$ cat protein_13.pdb   # PDB, C-alpha atoms and all ligand atoms
ATOM      1  CA  MET V   1      59.122 198.677  95.976
ATOM      2  CA  LYS V   2      62.041 200.119  93.993
ATOM      3  CA  LYS V   3      61.399 203.195  91.889
ATOM      4  CA  SER V   4      62.573 201.370  88.720
ATOM      5  CA  THR V   5      60.168 198.485  89.434
ATOM      6  CA  ILE V   6      57.268 200.892  89.809
ATOM      7  CA  ALA V   7      58.254 202.641  86.570
ATOM      8  CA  ALA V   8      58.396 199.278  84.787
ATOM      9  CA  LEU V   9      54.967 198.342  86.153
ATOM     10  CA  TRP V  10      53.530 201.634  84.962
ATOM     11  CA  ALA V  11      55.056 201.130  81.513
ATOM     12  CA  THR V  12      53.500 197.650  81.292
ATOM     13  CA  LEU V  13      50.134 198.945  82.457
ATOM     14  CA  ALA V  14      50.243 201.918  80.074
ATOM     15  CA  SER V  15      51.065 199.733  77.074
ATOM     16  CA  ALA V  16      48.325 197.252  78.052
ATOM     17  CA  VAL V  17      45.771 200.065  78.243
ATOM     18  CA  LEU V  18      46.998 201.613  75.020
ATOM     19  CA  ALA V  19      47.007 198.255  73.232
ATOM     20  CA  HIS V  20      43.287 197.959  73.762
ATOM     21  CA  GLY V  21      42.634 201.651  73.894
ATOM     22  CA  ALA V  22      42.657 202.844  70.300
ATOM     23  CA  PRO V  23      39.292 204.536  69.763
ATOM     24  CA  ALA V  24      37.527 203.738  66.487
ATOM     25  CA  PRO V  25      38.508 206.422  63.969
ATOM     26  CA  LYS V  26      35.826 208.694  62.461
ATOM     27  CA  SER V  27      36.920 207.780  58.942
ATOM     28  CA  VAL V  28      38.911 204.914  57.416
ATOM     29  CA  ARG V  29      42.667 204.862  58.051
ATOM     30  CA  VAL V  30      45.501 202.797  56.632
ATOM     31  CA  TYR V  31      48.599 202.236  58.736
ATOM     32  CA  VAL V  32      51.626 200.979  56.769
ATOM     33  CA  PHE V  33      54.017 198.913  58.886
ATOM     34  CA  ASP V  34      57.607 198.095  58.010
ATOM     35  CA  CYS V  35      57.738 194.288  58.151
ATOM     36  CA  GLY V  36      61.334 194.051  56.909
ATOM     37  CA  THR V  37      63.361 194.147  53.718
ATOM     38  CA  LEU V  38      64.221 191.089  51.637
ATOM     39  CA  GLU V  39      67.858 191.224  50.523
ATOM     40  CA  HIS V  40      69.709 189.853  47.477
ATOM     41  CA  MET V  41      66.620 189.074  45.412
ATOM     42  CA  ASP V  42      67.418 187.764  41.960
ATOM     43  CA  PRO V  43      65.555 189.971  39.442
ATOM     44  CA  ALA V  44      65.636 187.012  37.009
ATOM     45  CA  ARG V  45      62.892 185.437  39.162
ATOM     46  CA  PHE V  46      60.715 188.269  37.851
ATOM     47  CA  GLN V  47      62.101 188.097  34.297
ATOM     48  CA  LEU V  48      63.898 191.354  34.942
ATOM     49  CA  LYS V  49      67.550 192.356  34.701
ATOM     50  CA  LYS V  50      69.451 194.026  37.500
ATOM     51  CA  GLU V  51      69.995 197.136  35.395
ATOM     52  CA  GLU V  52      66.241 197.336  34.761
ATOM     53  CA  VAL V  53      65.257 197.329  38.448
ATOM     54  CA  GLY V  54      68.194 199.168  40.015
ATOM     55  CA  THR V  55      67.901 197.397  43.378
ATOM     56  CA  ASP V  56      67.948 193.814  44.600
ATOM     57  CA  ARG V  57      66.011 194.774  47.731
ATOM     58  CA  ILE V  58      62.319 194.057  48.133
ATOM     59  CA  ALA V  59      60.110 195.690  50.761
ATOM     60  CA  VAL V  60      57.862 193.689  53.060
ATOM     61  CA  ALA V  61      54.923 195.735  54.263
ATOM     62  CA  CYS V  62      51.949 194.938  56.503
ATOM     63  CA  TYR V  63      48.807 197.043  56.667
ATOM     64  CA  LEU V  64      46.226 197.761  59.308
ATOM     65  CA  ILE V  65      42.934 199.138  58.082
ATOM     66  CA  ALA V  66      41.117 200.922  60.904
ATOM     67  CA  HIS V  67      37.460 201.510  60.018
ATOM     68  CA  PRO V  68      34.795 203.168  62.199
ATOM     69  CA  LYS V  69      33.165 199.734  62.479
ATOM     70  CA  GLY V  70      36.228 197.538  63.001
ATOM     71  CA  THR V  71      39.710 196.527  61.924
ATOM     72  CA  LEU V  72      41.301 194.477  59.145
ATOM     73  CA  MET V  73      44.900 193.239  59.096
ATOM     74  CA  TRP V  74      46.264 192.784  55.574
ATOM     75  CA  ASP V  75      49.379 190.556  55.443
ATOM     76  CA  THR V  76      51.523 189.773  58.467
ATOM     77  CA  GLY V  77      55.157 189.886  57.363
ATOM     78  CA  ALA V  78      58.016 187.536  56.495
ATOM     79  CA  VAL V  79      59.671 186.947  59.869
ATOM     80  CA  PRO V  80      57.655 185.985  62.963
ATOM     81  CA  ASP V  81      58.225 188.399  65.861
ATOM     82  CA  ALA V  82      59.123 185.433  68.080
ATOM     83  CA  VAL V  83      62.203 184.381  66.091
ATOM     84  CA  TRP V  84      64.225 187.594  66.209
ATOM     85  CA  LYS V  85      65.334 190.128  68.784
ATOM     86  CA  PRO V  86      65.205 193.852  68.044
ATOM     87  CA  SER V  87      68.377 195.715  68.988
ATOM     88  CA  GLY V  88      67.493 199.301  68.112
ATOM     89  CA  LYS V  89      69.556 198.895  64.942
ATOM     90  CA  PRO V  90      68.631 196.936  61.791
ATOM     91  CA  VAL V  91      68.977 193.186  62.426
ATOM     92  CA  THR V  92      69.953 190.662  59.740
ATOM     93  CA  GLN V  93      67.738 187.591  59.955
ATOM     94  CA  ARG V  94      67.920 184.385  57.910
ATOM     95  CA  ILE V  95      64.825 182.330  57.182
ATOM     96  CA  THR V  96      64.928 178.722  56.003
ATOM     97  CA  LEU V  97      61.925 177.653  53.960
ATOM     98  CA  PRO V  98      60.516 174.097  54.033
ATOM     99  CA  ASP V  99      62.362 173.359  50.746
ATOM    100  CA  SER V 100      65.632 174.270  52.564
ATOM    101  CA  SER V 101      66.206 177.419  50.529
ATOM    102  CA  GLU V 102      67.318 180.437  52.550
ATOM    103  CA  ARG V 103      66.322 184.085  52.488
ATOM    104  CA  GLU V 104      67.982 187.033  54.170
ATOM    105  CA  LEU V 105      66.012 189.920  55.620
ATOM    106  CA  THR V 106      66.785 193.143  57.386
ATOM    107  CA  MET V 107      64.397 193.764  60.268
ATOM    108  CA  ALA V 108      63.842 196.988  62.191
ATOM    109  CA  LYS V 109      60.889 196.570  64.566
ATOM    110  CA  PRO V 110      58.566 193.684  65.498
ATOM    111  CA  LEU V 111      55.061 193.994  64.053
ATOM    112  CA  SER V 112      53.451 193.717  67.501
ATOM    113  CA  VAL V 113      55.518 196.697  68.707
ATOM    114  CA  GLU V 114      54.596 198.787  65.654
ATOM    115  CA  MET V 115      50.944 197.926  66.280
ATOM    116  CA  ARG V 116      51.135 198.746  69.983
ATOM    117  CA  GLU V 117      52.562 202.164  69.130
ATOM    118  CA  VAL V 118      49.308 203.016  67.361
ATOM    119  CA  GLY V 119      47.115 201.482  70.033
ATOM    120  CA  TYR V 120      46.398 197.958  68.801
ATOM    121  CA  ALA V 121      47.368 194.421  69.728
ATOM    122  CA  PRO V 122      46.976 191.456  67.346
ATOM    123  CA  ALA V 123      44.274 190.081  69.668
ATOM    124  CA  ASP V 124      42.172 193.246  69.082
ATOM    125  CA  ILE V 125      41.950 192.742  65.336
ATOM    126  CA  GLN V 126      38.542 191.798  63.957
ATOM    127  CA  TYR V 127      39.399 190.535  60.459
ATOM    128  CA  LEU V 128      42.515 188.972  58.944
ATOM    129  CA  ALA V 129      43.193 188.629  55.218
ATOM    130  CA  PHE V 130      46.314 187.800  53.225
ATOM    131  CA  SER V 131      46.994 188.823  49.699
ATOM    132  CA  HIS V 132      48.143 185.175  49.404
ATOM    133  CA  TYR V 133      49.709 182.269  51.245
ATOM    134  CA  HIS V 134      53.428 182.770  50.503
ATOM    135  CA  TRP V 135      55.711 182.740  53.564
ATOM    136  CA  ASP V 136      56.607 186.448  53.239
ATOM    137  CA  HIS V 137      52.964 187.413  53.898
ATOM    138  CA  THR V 138      51.955 185.007  56.682
ATOM    139  CA  ALA V 139      54.789 185.108  59.251
ATOM    140  CA  ASN V 140      52.776 186.458  62.187
ATOM    141  CA  ALA V 141      49.489 184.828  61.172
ATOM    142  CA  ASN V 142      49.170 182.750  64.347
ATOM    143  CA  ALA V 143      49.039 185.937  66.438
ATOM    144  CA  PHE V 144      45.794 186.816  64.603
ATOM    145  CA  ALA V 145      44.088 183.446  65.088
ATOM    146  CA  GLY V 146      41.390 185.180  67.169
ATOM    147  CA  ALA V 147      40.339 187.295  64.181
ATOM    148  CA  THR V 148      37.860 186.209  61.523
ATOM    149  CA  TRP V 149      39.900 184.985  58.551
ATOM    150  CA  LEU V 150      38.710 186.124  55.107
ATOM    151  CA  VAL V 151      40.025 183.670  52.512
ATOM    152  CA  ARG V 152      39.086 181.882  49.314
ATOM    153  CA  GLN V 153      38.577 178.118  49.336
ATOM    154  CA  GLU V 154      41.104 177.612  46.519
ATOM    155  CA  GLU V 155      43.698 179.437  48.637
ATOM    156  CA  ARG V 156      42.916 177.790  51.987
ATOM    157  CA  ASP V 157      42.895 174.198  50.675
ATOM    158  CA  PRO V 158      46.547 174.119  49.512
ATOM    159  CA  MET V 159      47.622 175.844  52.762
ATOM    160  CA  PHE V 160      46.544 172.815  54.758
ATOM    161  CA  ALA V 161      47.364 170.109  52.216
ATOM    162  CA  ASP V 162      49.474 167.157  53.440
ATOM    163  CA  ARG V 163      52.412 168.332  51.330
ATOM    164  CA  PRO V 164      53.042 172.066  51.782
ATOM    165  CA  THR V 165      52.560 174.143  48.694
ATOM    166  CA  PRO V 166      55.830 175.759  47.504
ATOM    167  CA  LEU V 167      56.844 178.990  49.244
ATOM    168  CA  THR V 168      54.562 178.427  52.231
ATOM    169  CA  GLN V 169      55.637 178.200  55.874
ATOM    170  CA  PRO V 170      52.731 176.195  57.391
ATOM    171  CA  THR V 171      53.977 176.418  60.994
ATOM    172  CA  ASP V 172      53.483 180.197  60.820
ATOM    173  CA  TYR V 173      49.728 179.907  60.146
ATOM    174  CA  SER V 174      48.834 176.535  61.706
ATOM    175  CA  ALA V 175      46.561 178.180  64.317
ATOM    176  CA  LEU V 176      44.290 179.544  61.565
ATOM    177  CA  ARG V 177      43.017 176.018  60.906
ATOM    178  CA  ASN V 178      40.577 176.545  63.799
ATOM    179  CA  SER V 179      39.952 180.263  63.330
ATOM    180  CA  LYS V 180      36.521 181.594  62.593
ATOM    181  CA  THR V 181      36.663 181.696  58.794
ATOM    182  CA  VAL V 182      34.597 183.332  56.092
ATOM    183  CA  ILE V 183      35.100 181.731  52.682
ATOM    184  CA  LEU V 184      34.957 184.467  50.041
ATOM    185  CA  LYS V 185      33.020 183.337  46.978
ATOM    186  CA  ASN V 186      32.417 186.555  45.054
ATOM    187  CA  ASP V 187      34.936 188.599  43.086
ATOM    188  CA  GLU V 188      34.478 191.419  45.572
ATOM    189  CA  HIS V 189      34.004 191.251  49.331
ATOM    190  CA  ASP V 190      32.882 194.464  51.020
ATOM    191  CA  VAL V 191      34.467 193.991  54.465
ATOM    192  CA  PHE V 192      32.496 196.589  56.450
ATOM    193  CA  GLY V 193      29.474 196.844  54.160
ATOM    194  CA  ASP V 194      29.880 200.493  53.127
ATOM    195  CA  GLY V 195      32.076 200.216  50.022
ATOM    196  CA  THR V 196      35.206 201.655  51.645
ATOM    197  CA  VAL V 197      37.226 198.437  52.155
ATOM    198  CA  ILE V 198      36.887 195.808  49.438
ATOM    199  CA  ILE V 199      38.865 192.599  48.944
ATOM    200  CA  LYS V 200      39.053 191.825  45.225
ATOM    201  CA  SER V 201      39.812 188.443  43.713
ATOM    202  CA  ALA V 202      43.080 188.624  41.709
ATOM    203  CA  PRO V 203      44.171 185.044  40.953
ATOM    204  CA  GLY V 204      47.308 183.923  39.133
ATOM    205  CA  HIS V 205      50.234 184.450  41.501
ATOM    206  CA  THR V 206      48.470 181.883  43.715
ATOM    207  CA  PRO V 207      45.049 180.242  43.148
ATOM    208  CA  GLY V 208      43.190 182.588  45.503
ATOM    209  CA  HIS V 209      45.427 185.667  45.370
ATOM    210  CA  GLN V 210      43.602 188.910  46.183
ATOM    211  CA  VAL V 211      44.156 192.662  46.321
ATOM    212  CA  LEU V 212      42.681 195.297  48.627
ATOM    213  CA  TYR V 213      40.790 198.412  47.575
ATOM    214  CA  VAL V 214      40.492 201.130  50.226
ATOM    215  CA  LYS V 215      38.531 204.327  49.663
ATOM    216  CA  LEU V 216      40.142 207.040  51.781
ATOM    217  CA  ALA V 217      38.472 210.413  52.387
ATOM    218  CA  LYS V 218      41.583 212.591  52.031
ATOM    219  CA  THR V 219      44.040 210.383  50.121
ATOM    220  CA  GLY V 220      41.492 209.099  47.640
ATOM    221  CA  PRO V 221      41.132 205.468  46.587
ATOM    222  CA  VAL V 222      44.107 203.109  46.925
ATOM    223  CA  LEU V 223      44.631 199.594  45.574
ATOM    224  CA  ILE V 224      47.057 197.533  47.674
ATOM    225  CA  SER V 225      48.637 195.127  45.221
ATOM    226  CA  GLY V 226      49.538 191.939  47.023
ATOM    227  CA  ASP V 227      51.982 190.294  44.605
ATOM    228  CA  LEU V 228      50.088 191.286  41.462
ATOM    229  CA  TYR V 229      53.419 193.043  40.781
ATOM    230  CA  HIS V 230      56.601 193.011  42.873
ATOM    231  CA  TYR V 231      58.671 195.586  41.033
ATOM    232  CA  LEU V 232      57.209 198.665  39.388
ATOM    233  CA  GLN V 233      59.082 197.508  36.267
ATOM    234  CA  GLU V 234      56.943 194.365  36.014
ATOM    235  CA  ARG V 235      54.130 196.775  35.245
ATOM    236  CA  THR V 236      55.974 199.174  32.950
ATOM    237  CA  LEU V 237      57.975 196.497  31.079
ATOM    238  CA  ASP V 238      55.208 193.862  31.143
ATOM    239  CA  ARG V 239      57.065 191.007  32.863
ATOM    240  CA  VAL V 240      55.513 188.118  34.757
ATOM    241  CA  PRO V 241      57.423 186.286  37.530
ATOM    242  CA  THR V 242      58.768 182.798  36.819
ATOM    243  CA  PHE V 243      57.004 181.212  39.804
ATOM    244  CA  GLU V 244      53.338 182.032  39.189
ATOM    245  CA  PHE V 245      50.683 179.449  39.965
ATOM    246  CA  ASN V 246      49.206 180.349  36.564
ATOM    247  CA  ALA V 247      50.996 182.996  34.465
ATOM    248  CA  ASP V 248      48.122 183.325  31.960
ATOM    249  CA  GLN V 249      45.723 183.959  34.815
ATOM    250  CA  THR V 250      48.132 186.599  36.172
ATOM    251  CA  ARG V 251      48.115 188.375  32.786
ATOM    252  CA  ALA V 252      44.305 188.324  32.664
ATOM    253  CA  THR V 253      44.076 189.576  36.263
ATOM    254  CA  ARG V 254      46.565 192.359  35.569
ATOM    255  CA  ALA V 255      44.544 193.498  32.550
ATOM    256  CA  ALA V 256      41.349 193.550  34.645
ATOM    257  CA  MET V 257      43.068 195.453  37.458
ATOM    258  CA  GLU V 258      44.522 198.052  35.080
ATOM    259  CA  THR V 259      40.991 198.663  33.801
ATOM    260  CA  PHE V 260      39.746 198.924  37.372
ATOM    261  CA  LEU V 261      42.518 201.395  38.269
ATOM    262  CA  LYS V 262      41.576 203.618  35.341
ATOM    263  CA  LYS V 263      37.869 203.477  36.133
ATOM    264  CA  SER V 264      38.218 204.016  39.890
ATOM    265  CA  GLY V 265      41.074 206.497  39.748
ATOM    266  CA  ALA V 266      42.783 204.519  42.518
ATOM    267  CA  GLN V 267      46.518 204.744  43.038
ATOM    268  CA  LEU V 268      48.355 201.417  43.080
ATOM    269  CA  TRP V 269      50.601 200.592  46.024
ATOM    270  CA  ILE V 270      52.992 197.814  44.985
ATOM    271  CA  GLN V 271      53.698 196.161  48.311
ATOM    272  CA  HIS V 272      57.140 194.743  47.500
ATOM    273  CA  ASP V 273      58.475 197.599  45.369
ATOM    274  CA  PHE V 274      61.321 198.968  47.462
ATOM    275  CA  VAL V 275      61.508 202.390  45.849
ATOM    276  CA  SER V 276      57.785 203.223  45.958
ATOM    277  CA  ASN V 277      57.221 201.645  49.380
ATOM    278  CA  ALA V 278      60.041 203.796  50.782
ATOM    279  CA  LYS V 279      58.048 206.884  49.776
ATOM    280  CA  LEU V 280      54.973 205.877  51.797
ATOM    281  CA  LYS V 281      54.607 207.263  55.298
ATOM    282  CA  LYS V 282      54.890 204.540  57.906
ATOM    283  CA  ALA V 283      53.067 204.046  61.204
ATOM    284  CA  PRO V 284      52.512 205.784  63.559
ATOM    285  CA  ALA V 285      51.604 208.124  60.664
ATOM    286  CA  TYR V 286      48.625 206.996  58.601
ATOM    287  CA  TYR V 287      46.637 207.622  55.433
ATOM    288  CA  GLU V 288      43.047 208.717  55.805
TER     289      GLU V 288
HETATM  290 ZN    ZN V 301      55.474 188.304  48.378
END
$ encode --input "protein_13.pdb" --output "structure tokens" --more "lines below"
Ligand SMILES: [Zn+2]
Amino acid sequence: MKKSTIAALWATLASAVLAHGAPAPKSVRVYVFDCGTLEHMDPARFQLKKEEVGTDRIAVACYLIAHPKGTLMWDTGAVPDAVWKPSGKPVTQRITLPDSSERELTMAKPLSVEMREVGYAPADIQYLAFSHYHWDHTANANAFAGATWLVRQEERDPMFADRPTPLTQPTDYSALRNSKTVILKNDEHDVFGDGTVIIKSAPGHTPGHQVLYVKLAKTGPVLISGDLYHYLQERTLDRVPTFEFNADQTRATRAAMETFLKKSGAQLWIQHDFVSNAKLKKAPAYYE
């Protein structure tokens, strides 16, 4: 056997071992993955002006919560790994939505590669939850069909309706139809039963939109926003996007979450906010 073939075999074997080899951490960790950057966003969609936001780029982040008792994947990106090829340099990728509108993204690394680098494969993940069903959160959902899906009935129903709900990409999550599913009925769902990882109902952007509270030993508590806000300026200037499922519900949810943030002392991570997301450390680094 050629030396290069043996080296390739070893590399495959090593990554296979590593992919299933991440030991359970002693305390909760959050890995932030770069799942791309959405380009040329129109701030008017968020009732904001270009000069108010400063950038027309929106971050797409995915999160892996590693808990001593298991794992939770929170959101799975905007571009499925299978449809683009990494080149070592940023790749421009266009996505066509079911309504024929197009979006442009800049991609750096496939999610599965980012996960493998910290010792996980999608098939290892125990729980899957989305902040909501929009296409830019569900791209790699099918890869997690073996996980237990944590979702609200009012969110799941429109995902599998005969006519796709706006801004969904049903082919990206079709395999979840048969996944083991837990329908969340309460405002709060304590994922691992010890109060450290809690999915909170936050409707308005979509019917069953939710946010994720994670209590970290060193970092302190964090609230991962979903699309409760996209830009930091939606929060500071009090603007609601033009495409909410229910804008009044969004306002009520935001008020409740602001109260919760004050009471809990949690910091808010706005998933799509390009400027604040850029400041977060990305995997393989993690928050604990
Ligand atoms: Zn989004």
$ residues_near_ligand --input "protein_13.pdb" --ligand "ligand ZN 301 (chain V)" --cutoff "12 Å" --atoms "all atoms listed in the file" --output "number ranges by chain"
V: 35-38, 41, 46, 58-62, 75-78, 130-139, 167-168, 205-206, 209, 225-231, 241, 243-244, 270-273
$ atom_distance --input "protein_13.pdb" --atom1 "CA of Thr236 (chain V)" --atom2 "CA of Arg152 (chain V)"
29.2 Å
$ residues_around --input "protein_13.pdb" --residues "Ala143 (chain V)" --least-positions-apart "3" --cutoff "12 Å" --atoms "all atoms listed in the file" --output "PyMOL selection string"
chain V and resi 73+75-77+80-82+111-112+121-125+128+138-140+146-147+172-176+179
$ resolve_selection --input "protein_13.pdb" --expression "the PyMOL selection byres (((chain V and resi 72) around 8) and not hetatm)" --output "list of chain:residue names"
V:Leu64, V:Ile65, V:Ala66, V:Gly70, V:Thr71, V:Met73, V:Trp74, V:Ile125, V:Gln126, V:Tyr127, V:Leu128, V:Ala129
$ write_last_selection --input "protein_13.pdb" --atoms "C-alpha atoms" --output "mmCIF file, in the frame of the given file"
data_model
loop_
_atom_site.group_PDB
_atom_site.id
_atom_site.type_symbol
_atom_site.label_atom_id
_atom_site.label_comp_id
_atom_site.auth_asym_id
_atom_site.auth_seq_id
_atom_site.Cartn_x
_atom_site.Cartn_y
_atom_site.Cartn_z
ATOM 1 C CA LEU V 64 46.226 197.761 59.308
ATOM 2 C CA ILE V 65 42.934 199.138 58.082
ATOM 3 C CA ALA V 66 41.117 200.922 60.904
ATOM 4 C CA GLY V 70 36.228 197.538 63.001
ATOM 5 C CA THR V 71 39.710 196.527 61.924
ATOM 6 C CA MET V 73 44.900 193.239 59.096
ATOM 7 C CA TRP V 74 46.264 192.784 55.574
ATOM 8 C CA ILE V 125 41.950 192.742 65.336
ATOM 9 C CA GLN V 126 38.542 191.798 63.957
ATOM 10 C CA TYR V 127 39.399 190.535 60.459
ATOM 11 C CA LEU V 128 42.515 188.972 58.944
ATOM 12 C CA ALA V 129 43.193 188.629 55.218
#
$ residues_around --input "protein_13.pdb" --residues "Pro68 (chain V)" --least-positions-apart "2" --cutoff "6 Å" --atoms "all atoms listed in the file" --output "tab-separated table (two decimals) with C-alpha atoms, in the coordinates of the input"
chain	number	residue	atom	x	y	z
V	24	ALA	CA	37.53	203.74	66.49
V	25	PRO	CA	38.51	206.42	63.97
V	26	LYS	CA	35.83	208.69	62.46
V	70	GLY	CA	36.23	197.54	63.00
$ atom_distance --input "protein_13.pdb" --atom1 "CA of Ala283 (chain V)" --atom2 "CA of Val32 (chain V)"
5.6 Å
$ build_atoms --input "protein_13.pdb" --residues "region 125-142 of chain V" --atoms "N, CA and C atoms" --output "short mmCIF file (atom, residue, chain, number, x, y, z; two decimals), in the coordinates of the input"
data_model
loop_
_atom_site.label_atom_id
_atom_site.label_comp_id
_atom_site.auth_asym_id
_atom_site.auth_seq_id
_atom_site.Cartn_x
_atom_site.Cartn_y
_atom_site.Cartn_z
N ILE V 125 42.30 192.59 66.75
CA ILE V 125 41.95 192.74 65.34
C ILE V 125 40.75 191.87 64.98
N GLN V 126 39.81 192.47 64.26
CA GLN V 126 38.54 191.80 63.96
C GLN V 126 38.64 190.86 62.76
N TYR V 127 39.28 191.34 61.68
CA TYR V 127 39.40 190.54 60.46
C TYR V 127 40.86 190.39 60.05
N LEU V 128 41.18 189.23 59.49
CA LEU V 128 42.52 188.97 58.94
C LEU V 128 42.36 188.53 57.49
N ALA V 129 43.16 189.12 56.61
CA ALA V 129 43.19 188.63 55.22
C ALA V 129 44.62 188.73 54.72
N PHE V 130 45.01 187.75 53.89
CA PHE V 130 46.31 187.80 53.22
C PHE V 130 46.07 188.08 51.75
N SER V 131 47.03 188.76 51.15
CA SER V 131 46.99 188.82 49.70
C SER V 131 47.13 187.40 49.15
N HIS V 132 47.97 186.58 49.81
CA HIS V 132 48.14 185.18 49.40
C HIS V 132 48.99 184.45 50.43
N TYR V 133 49.14 183.14 50.21
CA TYR V 133 49.71 182.27 51.24
C TYR V 133 51.23 182.19 51.29
N HIS V 134 51.97 182.89 50.45
CA HIS V 134 53.43 182.77 50.50
C HIS V 134 53.98 183.20 51.86
N TRP V 135 55.11 182.57 52.23
CA TRP V 135 55.71 182.74 53.56
C TRP V 135 55.96 184.20 53.93
N ASP V 136 56.25 185.06 52.93
CA ASP V 136 56.61 186.45 53.24
C ASP V 136 55.37 187.32 53.49
N HIS V 137 54.21 186.68 53.59
CA HIS V 137 52.96 187.41 53.90
C HIS V 137 52.25 186.87 55.13
N THR V 138 52.71 185.71 55.63
CA THR V 138 51.96 185.01 56.68
C THR V 138 52.72 184.83 58.00
N ALA V 139 53.90 185.45 58.13
CA ALA V 139 54.79 185.11 59.25
C ALA V 139 54.13 185.20 60.63
N ASN V 140 53.38 186.27 60.86
CA ASN V 140 52.78 186.46 62.19
C ASN V 140 51.31 186.04 62.22
N ALA V 141 50.90 185.21 61.28
CA ALA V 141 49.49 184.83 61.17
C ALA V 141 48.93 184.26 62.48
N ASN V 142 49.70 183.40 63.14
CA ASN V 142 49.17 182.75 64.35
C ASN V 142 48.75 183.75 65.43
#
